[in-house]
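Engineer: I have a structure I would like to understand better, so I am pasting it below and will then ask my questions one at a time.
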Amino acid sequence: MPLLDLQGLTMQYRTKMGPVHAVDDVSLAMEAGEALGLVGESGCGKTSVAMTLLRLLPDNAEIVGGQVWFQGVDLLSLSEQEMRRVRWGGISMVFQAAMNSLNPVYRVGDQIVEAIQEHQHLSDRQARARVAELFHLVGLDPKLMERYPHEYSGGMKQRAVIAMALACSPKLIIADEPTTALDVIVQDRILRRINEVRTQLNMSMMYISHDIAVIAEVSQRIGVMYAGKLVEVADTVTVFKRPAHPYTIALMSAFPSIQGEKRPLAQLPGEPPNLLAPPPGCRFHPRCPHASEVCTREEPRMEKVDPGHGVACWHPQGRGRD
Amino acid sequence: MTEGRLTLEGVTKLFPVRKRVFTLKVRNFVHAVDNVSMGVERGEMFGLVGESGCGKTTTGKLIVKLLEPTRGKITVDGVDVTRIRRGKPLRAFRRKVQMIFQDPYESLNPRFTVYDTVAEPLGLQGLRSLAEREATVAEILSAVGLTPPETFMFRFPHELSGGQRQRVAIARAMVIRPQFVVADEPTSMLDVSIRAGVMDLLVALRRELGVSYLYVTHDLAVARYMCDRMAVMYLGKIVEQGPVEEVLRNPVHPYTRALISAVPVPDPTVRRDPPDIRGDVAAPIDPPPQCRFLSRCPKSGTVCERNNHPDLEEVLPGHLVACYRARD
């Protein structure tokens, strides 16, 4: 049984102009201990997937279909109180710009102690010892527990937030662009620390990012999203070396690298679609170089082109297919 | 020939910091840009790279005269930028030197149509007739890929996507045919599938219009894709400078080495070594006279502790490094 199993997850935002199809029929499973990268451009629904499965959605959002199975329980059927236990203890999340999620008027250590005591019956001393342990784990000096957030650098705050996410030993941690605002040297340290901690605790991680270079370094498997749809899923090497979806192919060759041959970058015509009125058929067809008549008419389903390699495309590319 | 050529000589910019609220005299200064000298040739794309707070954007702003240097000399076309007076000489300068900003959501006036935004600088050039202006705006909009121009001219920024907005910002900078453009992270706010298009556009405009660029970025991969030469800044100082490929393949300064090895590579089969660097970036408030990188340097020795910050020295033709241990 997979640890997390999303089945046909569909979520819309109600707006004055009509429903925005932010997450559309997304099915994805994660095994225990696995590191999955979710990659795509802004507005493709990758953060919305995380918010939907944690049920942390704004009032105008509506889950219109699908199930979220976590350790054999459908999270969408739980009461709000049961759900609170799942967040932190089962699944915890490191948000984008997490460094701003620390309360500026409380000592950092106290904030994590509070989070722990909210979920576990530990005395102050036990909780503080646990925080010191977590600080060690993320590479912070436990003395810093007594300091306030403004005395931390950006990288230190990010580590503290990761320590907080680990506080209740979750099975799954969702990291949403946790290093996007950081400089590369600090980013490198955080990424290495995340990888170490994850293997050490045998924890699963869903890492959300727009940056394929970062995704390449932290994930074993990658899901590529476009316009609210999951378009390709495969192990990391396959996604980079033998991508089958035309969007994935474009994405992989749109990033400059400091290594290897200097090559021209792929350019996609047009812009991502407006999700108020996504194009009929495949949502990528207006920008796709391989689009045919069927693409404008019918939505492609996610199909296996190889074991463990799924693609939602009428014309998957590569290795003599099509 | 000095046309379109930019030089910086010993340029320093200090920002005062007040430690106490009720003191009148400011005693502490942030050394944002500290004794920087460099030159950009005509038609060249010169990259200025470094982490946040290293002074790269401040350097860009000094060049376009949005800030005045505390010390030092900046020349464009042989004219000393710091001595340009307001009025006519300043307008003439603005015609030659333009800037493209990072965030197209903030740099465009929301109440101006695309036409208003792009046509505004034409007033500087004395293009008075409406027909002339419209033709010029249409031409530059096509050049930046906003085609057909008639459909874009009378739209407002909120009706445009991020990529289109940045193209408008580029059109505004390019419409008066400047000789020199400071581009401050022009693609870092854009999505990947749009970014490549904007980068290629900047390269194409350089060829067509013969502009020189100072390309300010934190992203070494972008600098490699765009630039001929680059300078790496650390806490207000240029620590290494040279042809981009040369610097990336044979980095000499320990900071450049660390920076390069920290860049994630979009290839899961590549394993990077961890960057060899200690600690965190300090704020450059009244820094000690020694090498700025001293406290974080894996190679530092007594030479570095006993002497002032090292000067840039040529290690190979065109490849300059500011490090006492460069030849070790």
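We label chains A, B, ... in the order they appear in the structure tokens, count residues from 1 in each chain, and number ligands from 1 in the order shown.
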Give the residues of chain A that lie within 10 Å of chain B; count only C-alpha atoms, and format the answer as a PyMOL selection string.

Structural biologist: chain A and resi 40-43+153+155-156+181-189+191-192+210-220+236-241+247+250-260+262-272

Engineer: I'd like to know which residues of segment 17-258 of chain A are alpha helix (DSSP H) (by DSSP, run on the backbone); could you write them as a PyMOL selection string?

Structural biologist: chain A and resi 46-53+80-85+108-119+124-138+154-166+184-201+212-218+236-241+246-252

Engineer: Among segment 151-254 of chain A, which ones does DSSP assign to strand (DSSP E or B) (computed from the backbone)? Answer as an NGL selection string.

Structural biologist: :A and (172-176 or 204-209 or 221-226 or 229-235)

Engineer: Hey, what's within 7 Å of Phe46 of chain B if we count only C-alpha atoms and toss same-chain stuff fewer than 3 positions away? As number ranges by chain, please?

Structural biologist: B: 40, 213-215, 227-230

Engineer: Could you jot down the atom CA of Phe95 of chain A to atom CA of Met164 of chain A separation for me, Å, one decimal place?

Structural biologist: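 Separation of atom CA of Phe95 of chain A and atom CA of Met164 of chain A: 11.5 Å.
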
Engineer: Please, which residues in segment 28-125 of chain B fall within 10 Å of segment 299-319 of chain B when counting only C-alpha atoms, and what is the closest atom pair and distance in Å to one decimal for each, ordered by chain then residue number, as JSON lines?

Structural biologist:
{"residue": "B:Asn35", "atom": "CA", "partner": "B:Asp311", "partner_atom": "CA", "distance": 9.8}
{"residue": "B:Val36", "atom": "CA", "partner": "B:Leu312", "partner_atom": "CA", "distance": 9.9}
{"residue": "B:Ser37", "atom": "CA", "partner": "B:Leu312", "partner_atom": "CA", "distance": 9.3}
